[in-house]
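Have a look at entry-v3.pdb; it's PDB, C-alpha atoms:
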MODEL        1
ATOM      1  CA  MET A  26      12.791  13.265  31.460  1.00  0.00           C
ATOM      2  CA  SER A  27      10.050  15.484  30.064  1.00  0.00           C
ATOM      3  CA  GLN A  28       7.192  16.209  32.433  1.00  0.00           C
ATOM      4  CA  LEU A  29       4.856  16.584  29.475  1.00  0.00           C
ATOM      5  CA  PRO A  30       3.228  13.472  28.046  1.00  0.00           C
ATOM      6  CA  ILE A  31       5.194  11.996  25.171  1.00  0.00           C
ATOM      7  CA  LEU A  32       3.708  12.558  21.719  1.00  0.00           C
ATOM      8  CA  ILE A  33       3.898   9.333  19.731  1.00  0.00           C
ATOM      9  CA  ALA A  34       3.504  10.334  16.092  1.00  0.00           C
ATOM     10  CA  CYS A  35       2.139   7.133  14.592  1.00  0.00           C
ATOM     11  CA  SER A  36       1.877   6.770  10.828  1.00  0.00           C
ATOM     12  CA  HIS A  37       1.032   3.865   8.554  1.00  0.00           C
ATOM     13  CA  GLY A  38       4.509   3.314   7.179  1.00  0.00           C
ATOM     14  CA  THR A  39       5.685   3.155   3.574  1.00  0.00           C
ATOM     15  CA  SER A  40       8.377   1.553   1.434  1.00  0.00           C
ATOM     16  CA  SER A  41       8.693   4.818  -0.517  1.00  0.00           C
ATOM     17  CA  GLY A  42      11.816   6.727   0.400  1.00  0.00           C
ATOM     18  CA  GLN A  43      10.174   9.975  -0.648  1.00  0.00           C
ATOM     19  CA  GLY A  44       7.057   9.241   1.383  1.00  0.00           C
ATOM     20  CA  ALA A  45       9.093   8.278   4.444  1.00  0.00           C
ATOM     21  CA  ALA A  46      11.048  11.534   4.184  1.00  0.00           C
ATOM     22  CA  GLU A  47       7.801  13.496   3.952  1.00  0.00           C
ATOM     23  CA  VAL A  48       6.463  11.882   7.127  1.00  0.00           C
ATOM     24  CA  ASP A  49       9.825  12.514   8.802  1.00  0.00           C
ATOM     25  CA  SER A  50       9.414  16.184   7.886  1.00  0.00           C
ATOM     26  CA  LEU A  51       5.999  16.196   9.538  1.00  0.00           C
ATOM     27  CA  ARG A  52       7.435  14.932  12.813  1.00  0.00           C
ATOM     28  CA  ALA A  53      10.197  17.532  12.538  1.00  0.00           C
ATOM     29  CA  ALA A  54       7.602  20.256  11.997  1.00  0.00           C
ATOM     30  CA  ILE A  55       5.676  19.092  15.080  1.00  0.00           C
ATOM     31  CA  LEU A  56       8.843  19.316  17.153  1.00  0.00           C
ATOM     32  CA  ALA A  57       9.738  22.718  15.698  1.00  0.00           C
ATOM     33  CA  LEU A  58       6.358  24.093  16.739  1.00  0.00           C
ATOM     34  CA  ARG A  59       6.532  22.520  20.219  1.00  0.00           C
ATOM     35  CA  PRO A  60      10.245  21.938  20.995  1.00  0.00           C
ATOM     36  CA  GLU A  61       9.548  21.126  24.642  1.00  0.00           C
ATOM     37  CA  LEU A  62       7.769  17.906  23.632  1.00  0.00           C
ATOM     38  CA  ASP A  63       9.304  14.465  23.414  1.00  0.00           C
ATOM     39  CA  VAL A  64       8.116  13.423  19.923  1.00  0.00           C
ATOM     40  CA  ARG A  65       8.664   9.761  19.048  1.00  0.00           C
ATOM     41  CA  GLU A  66       8.057   7.981  15.756  1.00  0.00           C
ATOM     42  CA  ALA A  67       6.013   4.809  15.405  1.00  0.00           C
ATOM     43  CA  TYR A  68       4.328   2.818  12.649  1.00  0.00           C
ATOM     44  CA  VAL A  69       1.511   0.308  12.330  1.00  0.00           C
ATOM     45  CA  ASP A  70       2.831  -1.342   9.156  1.00  0.00           C
ATOM     46  CA  VAL A  71       5.838  -1.609   6.796  1.00  0.00           C
ATOM     47  CA  GLN A  72       8.336   0.471   8.790  1.00  0.00           C
ATOM     48  CA  THR A  73       9.899   0.278  12.230  1.00  0.00           C
ATOM     49  CA  PRO A  74       9.761   1.035  15.091  1.00  0.00           C
ATOM     50  CA  ASP A  75       6.434  -0.701  15.487  1.00  0.00           C
ATOM     51  CA  LEU A  76       3.914   1.074  17.704  1.00  0.00           C
ATOM     52  CA  LYS A  77       3.820  -1.852  20.147  1.00  0.00           C
ATOM     53  CA  ASP A  78       7.584  -1.621  20.652  1.00  0.00           C
ATOM     54  CA  VAL A  79       7.479   2.153  21.144  1.00  0.00           C
ATOM     55  CA  VAL A  80       4.769   1.777  23.786  1.00  0.00           C
ATOM     56  CA  ALA A  81       6.771  -0.973  25.501  1.00  0.00           C
ATOM     57  CA  GLY A  82       9.740   1.395  25.681  1.00  0.00           C
ATOM     58  CA  ILE A  83       7.930   4.095  27.630  1.00  0.00           C
ATOM     59  CA  GLY A  84       9.381   4.443  31.097  1.00  0.00           C
ATOM     60  CA  GLU A  85       7.511   3.629  34.280  1.00  0.00           C
ATOM     61  CA  GLY A  86       5.474   6.612  35.432  1.00  0.00           C
ATOM     62  CA  GLU A  87       5.590   8.307  32.006  1.00  0.00           C
ATOM     63  CA  SER A  88       2.461   9.062  30.012  1.00  0.00           C
ATOM     64  CA  ALA A  89       1.977   9.412  26.277  1.00  0.00           C
ATOM     65  CA  VAL A  90      -0.523  10.381  23.613  1.00  0.00           C
ATOM     66  CA  VAL A  91      -0.613   8.419  20.368  1.00  0.00           C
ATOM     67  CA  VAL A  92      -1.419  10.860  17.575  1.00  0.00           C
ATOM     68  CA  PRO A  93      -2.444   9.002  14.396  1.00  0.00           C
ATOM     69  CA  LEU A  94      -0.764  10.598  11.392  1.00  0.00           C
ATOM     70  CA  LEU A  95      -3.712   9.247   9.429  1.00  0.00           C
ATOM     71  CA  LEU A  96      -6.538  11.044   7.652  1.00  0.00           C
ATOM     72  CA  SER A  97      -9.538   9.083   8.931  1.00  0.00           C
ATOM     73  CA  VAL A  98     -10.643   6.423  11.357  1.00  0.00           C
ATOM     74  CA  GLY A  99     -10.265   2.804  10.324  1.00  0.00           C
ATOM     75  CA  TYR A 100      -8.653  -0.464  11.370  1.00  0.00           C
ATOM     76  CA  HIS A 101      -5.337   1.080  12.372  1.00  0.00           C
ATOM     77  CA  VAL A 102      -7.025   3.643  14.616  1.00  0.00           C
ATOM     78  CA  LYS A 103      -9.735   1.423  16.053  1.00  0.00           C
ATOM     79  CA  VAL A 104      -7.671  -1.744  16.480  1.00  0.00           C
ATOM     80  CA  ASP A 105      -3.903  -1.237  16.297  1.00  0.00           C
ATOM     81  CA  ILE A 106      -3.723   2.077  18.125  1.00  0.00           C
ATOM     82  CA  ALA A 107      -6.599   1.308  20.491  1.00  0.00           C
ATOM     83  CA  ARG A 108      -4.970  -1.994  21.450  1.00  0.00           C
ATOM     84  CA  ALA A 109      -1.604  -0.355  22.084  1.00  0.00           C
ATOM     85  CA  VAL A 110      -3.159   2.374  24.220  1.00  0.00           C
ATOM     86  CA  SER A 111      -5.094  -0.127  26.302  1.00  0.00           C
ATOM     87  CA  SER A 112      -1.980  -2.193  26.982  1.00  0.00           C
ATOM     88  CA  ARG A 113      -0.835  -0.049  29.905  1.00  0.00           C
ATOM     89  CA  PRO A 114      -2.008   2.902  32.037  1.00  0.00           C
ATOM     90  CA  GLY A 115      -1.102   6.475  31.202  1.00  0.00           C
ATOM     91  CA  LEU A 116      -1.614   6.146  27.471  1.00  0.00           C
ATOM     92  CA  PHE A 117      -4.170   8.092  25.455  1.00  0.00           C
ATOM     93  CA  ALA A 118      -5.249   8.033  21.811  1.00  0.00           C
ATOM     94  CA  ALA A 119      -5.858  11.218  19.869  1.00  0.00           C
ATOM     95  CA  GLU A 120      -8.188  11.576  16.912  1.00  0.00           C
ATOM     96  CA  PRO A 121      -6.725  11.227  13.397  1.00  0.00           C
ATOM     97  CA  LEU A 122      -5.765  14.320  11.420  1.00  0.00           C
ATOM     98  CA  GLY A 123      -8.890  14.306   9.276  1.00  0.00           C
ATOM     99  CA  PRO A 124     -11.444  15.403   8.564  1.00  0.00           C
ATOM    100  CA  ASP A 125     -10.584  19.056   9.118  1.00  0.00           C
ATOM    101  CA  PRO A 126     -11.526  22.178   7.129  1.00  0.00           C
ATOM    102  CA  ARG A 127      -7.839  23.079   6.921  1.00  0.00           C
ATOM    103  CA  LEU A 128      -7.198  19.894   4.967  1.00  0.00           C
ATOM    104  CA  ALA A 129      -9.896  20.929   2.507  1.00  0.00           C
ATOM    105  CA  ARG A 130      -8.146  24.269   2.093  1.00  0.00           C
ATOM    106  CA  LEU A 131      -4.864  22.458   1.525  1.00  0.00           C
ATOM    107  CA  LEU A 132      -6.500  20.258  -1.110  1.00  0.00           C
ATOM    108  CA  ALA A 133      -7.887  23.369  -2.792  1.00  0.00           C
ATOM    109  CA  THR A 134      -4.343  24.734  -2.890  1.00  0.00           C
ATOM    110  CA  ARG A 135      -3.064  21.504  -4.454  1.00  0.00           C
ATOM    111  CA  LEU A 136      -5.812  21.718  -7.087  1.00  0.00           C
ATOM    112  CA  ALA A 137      -4.865  25.319  -7.841  1.00  0.00           C
ATOM    113  CA  GLU A 138      -1.236  24.213  -8.205  1.00  0.00           C
ATOM    114  CA  ALA A 139      -2.478  21.678 -10.781  1.00  0.00           C
ATOM    115  CA  ASN A 140      -4.144  24.551 -12.693  1.00  0.00           C
ATOM    116  CA  LEU A 141      -7.670  23.296 -12.100  1.00  0.00           C
ATOM    117  CA  GLY A 142      -9.947  24.613 -14.826  1.00  0.00           C
ATOM    118  CA  ALA A 143     -13.537  25.757 -14.426  1.00  0.00           C
ATOM    119  CA  ASP A 144     -14.848  22.765 -16.397  1.00  0.00           C
ATOM    120  CA  ASP A 145     -12.584  20.105 -14.919  1.00  0.00           C
ATOM    121  CA  ALA A 146     -14.146  17.284 -12.930  1.00  0.00           C
ATOM    122  CA  VAL A 147     -12.467  16.416  -9.615  1.00  0.00           C
ATOM    123  CA  VAL A 148     -12.096  12.937  -8.148  1.00  0.00           C
ATOM    124  CA  LEU A 149     -11.260  13.135  -4.453  1.00  0.00           C
ATOM    125  CA  ALA A 150      -9.013  10.095  -3.981  1.00  0.00           C
ATOM    126  CA  ALA A 151      -8.803   8.627  -0.469  1.00  0.00           C
ATOM    127  CA  ALA A 152      -6.963   5.510   0.658  1.00  0.00           C
ATOM    128  CA  GLY A 153     -10.155   3.670   1.618  1.00  0.00           C
ATOM    129  CA  SER A 154     -11.144   1.427   4.495  1.00  0.00           C
ATOM    130  CA  SER A 155     -13.691  -1.284   5.213  1.00  0.00           C
ATOM    131  CA  ASP A 156     -14.683   0.726   8.294  1.00  0.00           C
ATOM    132  CA  ALA A 157     -17.843   2.725   7.637  1.00  0.00           C
ATOM    133  CA  GLY A 158     -16.557   5.572   9.782  1.00  0.00           C
ATOM    134  CA  ALA A 159     -13.736   6.206   7.328  1.00  0.00           C
ATOM    135  CA  ALA A 160     -16.214   6.880   4.520  1.00  0.00           C
ATOM    136  CA  VAL A 161     -18.091   9.284   6.788  1.00  0.00           C
ATOM    137  CA  ASN A 162     -14.829  11.136   7.411  1.00  0.00           C
ATOM    138  CA  VAL A 163     -14.082  11.387   3.692  1.00  0.00           C
ATOM    139  CA  GLU A 164     -17.615  12.592   2.947  1.00  0.00           C
ATOM    140  CA  ALA A 165     -17.165  15.324   5.562  1.00  0.00           C
ATOM    141  CA  LEU A 166     -13.924  16.397   3.916  1.00  0.00           C
ATOM    142  CA  ALA A 167     -15.590  16.405   0.493  1.00  0.00           C
ATOM    143  CA  LYS A 168     -18.346  18.627   1.855  1.00  0.00           C
ATOM    144  CA  ASP A 169     -15.733  21.117   3.090  1.00  0.00           C
ATOM    145  CA  LEU A 170     -13.936  20.987  -0.261  1.00  0.00           C
ATOM    146  CA  ARG A 171     -17.160  21.712  -2.166  1.00  0.00           C
ATOM    147  CA  THR A 172     -17.473  25.016  -0.316  1.00  0.00           C
ATOM    148  CA  LEU A 173     -14.071  26.025  -1.707  1.00  0.00           C
ATOM    149  CA  VAL A 174     -14.062  24.498  -5.190  1.00  0.00           C
ATOM    150  CA  PRO A 175     -17.086  24.988  -7.492  1.00  0.00           C
ATOM    151  CA  ASN A 176     -16.221  22.031  -9.751  1.00  0.00           C
ATOM    152  CA  ARG A 177     -18.083  18.750  -9.695  1.00  0.00           C
ATOM    153  CA  ILE A 178     -16.424  16.581  -7.034  1.00  0.00           C
ATOM    154  CA  VAL A 179     -16.863  12.830  -6.681  1.00  0.00           C
ATOM    155  CA  ILE A 180     -15.094  10.438  -4.300  1.00  0.00           C
ATOM    156  CA  GLY A 181     -12.967   7.442  -5.212  1.00  0.00           C
ATOM    157  CA  TYR A 182     -11.074   5.009  -2.997  1.00  0.00           C
ATOM    158  CA  GLY A 183      -7.751   3.241  -3.346  1.00  0.00           C
ATOM    159  CA  ALA A 184      -8.894   0.052  -1.617  1.00  0.00           C
ATOM    160  CA  SER A 185     -11.559  -1.586   0.562  1.00  0.00           C
ATOM    161  CA  ALA A 186     -14.384   0.773  -0.449  1.00  0.00           C
ATOM    162  CA  SER A 187     -16.233   1.777  -3.587  1.00  0.00           C
ATOM    163  CA  PRO A 188     -16.203   3.337  -6.042  1.00  0.00           C
ATOM    164  CA  SER A 189     -12.552   2.760  -6.783  1.00  0.00           C
ATOM    165  CA  VAL A 190     -10.558   5.707  -8.076  1.00  0.00           C
ATOM    166  CA  PRO A 191     -10.425   4.254 -11.635  1.00  0.00           C
ATOM    167  CA  ASP A 192     -14.204   3.699 -11.574  1.00  0.00           C
ATOM    168  CA  ALA A 193     -14.797   7.242 -10.312  1.00  0.00           C
ATOM    169  CA  VAL A 194     -12.554   8.626 -13.072  1.00  0.00           C
ATOM    170  CA  ALA A 195     -14.380   6.553 -15.701  1.00  0.00           C
ATOM    171  CA  GLN A 196     -17.749   7.762 -14.437  1.00  0.00           C
ATOM    172  CA  ALA A 197     -16.537  11.358 -14.548  1.00  0.00           C
ATOM    173  CA  ARG A 198     -15.485  10.792 -18.177  1.00  0.00           C
ATOM    174  CA  GLU A 199     -18.937   9.463 -19.028  1.00  0.00           C
ATOM    175  CA  ASP A 200     -20.598  12.432 -17.370  1.00  0.00           C
ATOM    176  CA  GLN A 201     -18.341  14.826 -19.255  1.00  0.00           C
ATOM    177  CA  ALA A 202     -19.143  13.156 -22.584  1.00  0.00           C
ATOM    178  CA  ARG A 203     -22.779  14.161 -22.131  1.00  0.00           C
ATOM    179  CA  GLU A 204     -21.901  17.796 -21.496  1.00  0.00           C
ATOM    180  CA  GLU A 205     -20.490  20.297 -23.946  1.00  0.00           C
ATOM    181  CA  GLY A 206     -17.466  22.230 -22.721  1.00  0.00           C
ATOM    182  CA  ALA A 207     -16.413  19.639 -20.151  1.00  0.00           C
ATOM    183  CA  ASP A 208     -12.655  19.393 -19.860  1.00  0.00           C
ATOM    184  CA  ARG A 209     -10.225  17.294 -17.826  1.00  0.00           C
ATOM    185  CA  VAL A 210     -10.564  14.840 -14.973  1.00  0.00           C
ATOM    186  CA  VAL A 211      -8.287  15.829 -12.093  1.00  0.00           C
ATOM    187  CA  VAL A 212      -7.551  13.492  -9.198  1.00  0.00           C
ATOM    188  CA  ALA A 213      -7.113  15.291  -5.872  1.00  0.00           C
ATOM    189  CA  SER A 214      -4.787  13.102  -3.828  1.00  0.00           C
ATOM    190  CA  TYR A 215      -6.246  12.981  -0.316  1.00  0.00           C
ATOM    191  CA  LEU A 216      -3.182  11.117   0.889  1.00  0.00           C
ATOM    192  CA  LEU A 217      -0.585  12.180   3.391  1.00  0.00           C
ATOM    193  CA  ALA A 218       2.532  11.390   1.371  1.00  0.00           C
ATOM    194  CA  HIS A 219       3.958   9.624  -1.650  1.00  0.00           C
ATOM    195  CA  GLY A 220       3.832   5.857  -1.594  1.00  0.00           C
ATOM    196  CA  PHE A 221       1.983   2.864  -3.007  1.00  0.00           C
ATOM    197  CA  PHE A 222      -1.498   4.388  -3.039  1.00  0.00           C
ATOM    198  CA  HIS A 223      -0.343   7.676  -4.516  1.00  0.00           C
ATOM    199  CA  ASP A 224       1.560   5.803  -7.228  1.00  0.00           C
ATOM    200  CA  GLN A 225      -1.625   3.940  -8.151  1.00  0.00           C
ATOM    201  CA  LEU A 226      -3.427   7.208  -8.832  1.00  0.00           C
ATOM    202  CA  ALA A 227      -1.281   7.772 -11.926  1.00  0.00           C
ATOM    203  CA  LYS A 228      -2.790   4.568 -13.366  1.00  0.00           C
ATOM    204  CA  ALA A 229      -6.429   5.598 -12.808  1.00  0.00           C
ATOM    205  CA  GLY A 230      -6.888   7.276 -16.176  1.00  0.00           C
ATOM    206  CA  ALA A 231      -7.124  10.905 -15.063  1.00  0.00           C
ATOM    207  CA  ASP A 232      -5.488  13.787 -16.877  1.00  0.00           C
ATOM    208  CA  VAL A 233      -3.774  15.175 -13.778  1.00  0.00           C
ATOM    209  CA  VAL A 234      -3.011  13.930 -10.267  1.00  0.00           C
ATOM    210  CA  THR A 235      -2.260  16.493  -7.572  1.00  0.00           C
ATOM    211  CA  GLU A 236       0.605  16.164  -5.138  1.00  0.00           C
ATOM    212  CA  PRO A 237      -0.234  14.642  -1.713  1.00  0.00           C
ATOM    213  CA  LEU A 238      -0.841  16.821   1.334  1.00  0.00           C
ATOM    214  CA  LEU A 239       2.733  16.830   2.607  1.00  0.00           C
ATOM    215  CA  PRO A 240       4.806  18.885   2.910  1.00  0.00           C
ATOM    216  CA  SER A 241       2.697  21.392   4.853  1.00  0.00           C
ATOM    217  CA  GLU A 242       3.010  22.887   8.333  1.00  0.00           C
ATOM    218  CA  VAL A 243      -0.793  22.768   8.564  1.00  0.00           C
ATOM    219  CA  LEU A 244      -0.589  19.047   9.290  1.00  0.00           C
ATOM    220  CA  ALA A 245       1.801  19.657  12.180  1.00  0.00           C
ATOM    221  CA  GLU A 246      -0.577  22.248  13.622  1.00  0.00           C
ATOM    222  CA  ILE A 247      -3.485  19.798  13.410  1.00  0.00           C
ATOM    223  CA  ALA A 248      -1.428  17.013  14.998  1.00  0.00           C
ATOM    224  CA  LEU A 249      -0.611  19.219  17.984  1.00  0.00           C
ATOM    225  CA  GLU A 250      -4.258  20.196  18.356  1.00  0.00           C
ATOM    226  CA  ARG A 251      -5.199  16.505  18.407  1.00  0.00           C
ATOM    227  CA  TYR A 252      -2.567  15.942  21.126  1.00  0.00           C
ATOM    228  CA  ASP A 253      -3.951  18.810  23.206  1.00  0.00           C
ATOM    229  CA  GLU A 254      -7.551  17.648  22.735  1.00  0.00           C
ATOM    230  CA  ALA A 255      -6.678  14.131  23.873  1.00  0.00           C
ATOM    231  CA  LEU A 256      -5.178  15.512  27.103  1.00  0.00           C
ATOM    232  CA  ARG A 257      -8.169  17.758  27.746  1.00  0.00           C
ATOM    233  CA  ASN A 258     -10.671  14.995  27.078  1.00  0.00           C
ATOM    234  CA  PRO A 259      -8.970  11.662  27.852  1.00  0.00           C
ATOM    235  CA  SER A 260     -10.958   8.572  26.966  1.00  0.00           C
TER     236      SER A 260
ENDMDL
END
As a first step, turn the structure in this file into structure tokens.
Amino acid sequence: MSQLPILIACSHGTSSGQGAAEVDSLRAAILALRPELDVREAYVDVQTPDLKDVVAGIGEGESAVVVPLLLSVGYHVKVDIARAVSSRPGLFAAEPLGPDPRLARLLATRLAEANLGADDAVVLAAAGSSDAGAAVNVEALAKDLRTLVPNRIVIGYGASASPSVPDAVAQAREDQAREEGADRVVVASYLLAHGFFHDQLAKAGADVVTEPLLPSEVLAEIALERYDEALRNPS
């Protein structure tokens, strides 16, 4: 039995085989960076094992940190994970992966891979949440991205917040029509992996959609920092 607290890597879950493999690779990267840790998978939706079942399977006297493999606060962090952590002693919740300046740098890399042009407009596409804190997180990420990318950047959401990604793309088109020399609309996928929301971005009317954040070891590094922070400052 490991003397270190278990790291429960908790993601949303997806029906996409590609997306599931990408999240699997993230857990593998976490373990590769910290092989002494007991890293366990858990989900709050779609896939199993469910977080509640993983928590129930923790042995007596063991402790664990739930690290949300999510990019912002929202219902899953504030309700699902918080409820699971409060269900027994010795459990702690870490902060989600975002916002973080390293994610902005990763997005800038994805935009460069998509051959972002000087006159392209960028729509930063986030999953969206009805929780106001999630929008604050995305705005913080957008602020970091604007320090790296000189293009016009607007935010769009996949669900539960406005403007929607299609509306943000349409607005960017209208803005471009009033300006000579304006070029493409590029959607920057601020999503962890392939899946339903990423698939919807292709239908938003943009010229290009970047790849999601995974695969990248940066996300594993951030996840481990969140784990360490939760142990230093338990709540």
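Closest approach to Arg52 (chain A) from the set A:Lys228, A:Pro93, A:Gln28, A:Val147 is made by A:Pro93, with distances taken over all atoms listed in the file.
Listed by chain and then by number, the residues chosen by the PyMOL selection byres ((chain A and resi 142) around 12) in this file are Leu136, Ala137, Glu138, Ala139, Asn140, Leu141, Ala143, Asp144, Asp145, Ala146, Val147, Val174, Pro175, Asn176, Arg177, Gly206, Ala207, Asp208, Arg209, Val210, Val211, Asp232 and Val233 of chain A.
For the pair CA of Leu170 (chain A) and CA of Asp125 (chain A), the interatomic distance is 10.1 Å.
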Expansion of the PyMOL selection byres ((chain A and resi 242) around 12) into residues, as a CSV table (one decimal) with C-alpha atoms, in the frame of the given file:
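Printed below is out.csv as written:
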chain,number,residue,atom,x,y,z
A,47,GLU,CA,7.8,13.5,4.0
A,48,VAL,CA,6.5,11.9,7.1
A,50,SER,CA,9.4,16.2,7.9
A,51,LEU,CA,6.0,16.2,9.5
A,52,ARG,CA,7.4,14.9,12.8
A,53,ALA,CA,10.2,17.5,12.5
A,54,ALA,CA,7.6,20.3,12.0
A,55,ILE,CA,5.7,19.1,15.1
A,56,LEU,CA,8.8,19.3,17.2
A,57,ALA,CA,9.7,22.7,15.7
A,58,LEU,CA,6.4,24.1,16.7
A,127,ARG,CA,-7.8,23.1,6.9
A,128,LEU,CA,-7.2,19.9,5.0
A,131,LEU,CA,-4.9,22.5,1.5
A,238,LEU,CA,-0.8,16.8,1.3
A,239,LEU,CA,2.7,16.8,2.6
A,240,PRO,CA,4.8,18.9,2.9
A,241,SER,CA,2.7,21.4,4.9
A,243,VAL,CA,-0.8,22.8,8.6
A,244,LEU,CA,-0.6,19.0,9.3
A,245,ALA,CA,1.8,19.7,12.2
A,246,GLU,CA,-0.6,22.2,13.6
A,247,ILE,CA,-3.5,19.8,13.4
A,248,ALA,CA,-1.4,17.0,15.0
A,249,LEU,CA,-0.6,19.2,18.0
Quick check on the file I pasted: which residues fall under the PyMOL selection byres ((chain A and resi 198) around 10)? Write them as a VMD selection string. chain A and resid 146 192 to 197 199 to 203 207 to 210 230 to 231
Near Lys103 (chain A), counting all atoms listed in the file, which residues have an atom at most 10 Å away, once you skip same-chain residues fewer than 4 positions from it, shown as a PyMOL selection string? chain A and resi 98-99+107-108+118+156
Have region 151-168 of chain A completed to N, CA and C atoms, please, and pass it along as a PDB file, keeping the file's coordinate frame.
ATOM      1  N   ALA A 151      -9.190   8.983  -1.835  1.00  0.00           N
ATOM      2  CA  ALA A 151      -8.803   8.627  -0.469  1.00  0.00           C
ATOM      3  C   ALA A 151      -8.299   7.192  -0.456  1.00  0.00           C
ATOM      4  N   ALA A 152      -7.554   6.848   0.587  1.00  0.00           N
ATOM      5  CA  ALA A 152      -6.963   5.510   0.658  1.00  0.00           C
ATOM      6  C   ALA A 152      -8.029   4.425   0.715  1.00  0.00           C
ATOM      7  N   GLY A 153      -9.081   4.649   1.504  1.00  0.00           N
ATOM      8  CA  GLY A 153     -10.155   3.670   1.618  1.00  0.00           C
ATOM      9  C   GLY A 153      -9.991   2.764   2.821  1.00  0.00           C
ATOM     10  N   SER A 154     -11.121   2.315   3.332  1.00  0.00           N
ATOM     11  CA  SER A 154     -11.144   1.427   4.495  1.00  0.00           C
ATOM     12  C   SER A 154     -12.461   0.671   4.498  1.00  0.00           C
ATOM     13  N   SER A 155     -12.444  -0.528   5.065  1.00  0.00           N
ATOM     14  CA  SER A 155     -13.691  -1.284   5.213  1.00  0.00           C
ATOM     15  C   SER A 155     -14.530  -0.751   6.363  1.00  0.00           C
ATOM     16  N   ASP A 156     -13.960   0.129   7.172  1.00  0.00           N
ATOM     17  CA  ASP A 156     -14.683   0.726   8.294  1.00  0.00           C
ATOM     18  C   ASP A 156     -15.599   1.828   7.783  1.00  0.00           C
ATOM     19  N   ALA A 157     -16.883   1.748   8.133  1.00  0.00           N
ATOM     20  CA  ALA A 157     -17.843   2.725   7.637  1.00  0.00           C
ATOM     21  C   ALA A 157     -17.517   4.133   8.110  1.00  0.00           C
ATOM     22  N   GLY A 158     -16.899   4.255   9.267  1.00  0.00           N
ATOM     23  CA  GLY A 158     -16.557   5.572   9.782  1.00  0.00           C
ATOM     24  C   GLY A 158     -15.565   6.309   8.908  1.00  0.00           C
ATOM     25  N   ALA A 159     -14.707   5.567   8.211  1.00  0.00           N
ATOM     26  CA  ALA A 159     -13.736   6.206   7.328  1.00  0.00           C
ATOM     27  C   ALA A 159     -14.440   6.906   6.180  1.00  0.00           C
ATOM     28  N   ALA A 160     -15.458   6.264   5.611  1.00  0.00           N
ATOM     29  CA  ALA A 160     -16.214   6.880   4.520  1.00  0.00           C
ATOM     30  C   ALA A 160     -16.935   8.131   5.002  1.00  0.00           C
ATOM     31  N   VAL A 161     -17.437   8.103   6.215  1.00  0.00           N
ATOM     32  CA  VAL A 161     -18.091   9.284   6.788  1.00  0.00           C
ATOM     33  C   VAL A 161     -17.095  10.430   6.890  1.00  0.00           C
ATOM     34  N   ASN A 162     -15.875  10.118   7.320  1.00  0.00           N
ATOM     35  CA  ASN A 162     -14.829  11.136   7.411  1.00  0.00           C
ATOM     36  C   ASN A 162     -14.510  11.740   6.048  1.00  0.00           C
ATOM     37  N   VAL A 163     -14.411  10.903   5.031  1.00  0.00           N
ATOM     38  CA  VAL A 163     -14.082  11.387   3.692  1.00  0.00           C
ATOM     39  C   VAL A 163     -15.235  12.222   3.135  1.00  0.00           C
ATOM     40  N   GLU A 164     -16.462  11.807   3.392  1.00  0.00           N
ATOM     41  CA  GLU A 164     -17.615  12.592   2.947  1.00  0.00           C
ATOM     42  C   GLU A 164     -17.613  13.972   3.591  1.00  0.00           C
ATOM     43  N   ALA A 165     -17.234  14.032   4.870  1.00  0.00           N
ATOM     44  CA  ALA A 165     -17.165  15.324   5.562  1.00  0.00           C
ATOM     45  C   ALA A 165     -16.110  16.215   4.926  1.00  0.00           C
ATOM     46  N   LEU A 166     -14.981  15.631   4.575  1.00  0.00           N
ATOM     47  CA  LEU A 166     -13.924  16.397   3.916  1.00  0.00           C
ATOM     48  C   LEU A 166     -14.390  16.878   2.554  1.00  0.00           C
ATOM     49  N   ALA A 167     -15.084  16.022   1.815  1.00  0.00           N
ATOM     50  CA  ALA A 167     -15.590  16.405   0.493  1.00  0.00           C
ATOM     51  C   ALA A 167     -16.577  17.560   0.609  1.00  0.00           C
ATOM     52  N   LYS A 168     -17.395  17.530   1.638  1.00  0.00           N
ATOM     53  CA  LYS A 168     -18.346  18.627   1.855  1.00  0.00           C
ATOM     54  C   LYS A 168     -17.610  19.945   2.075  1.00  0.00           C
TER      55      LYS A 168
END
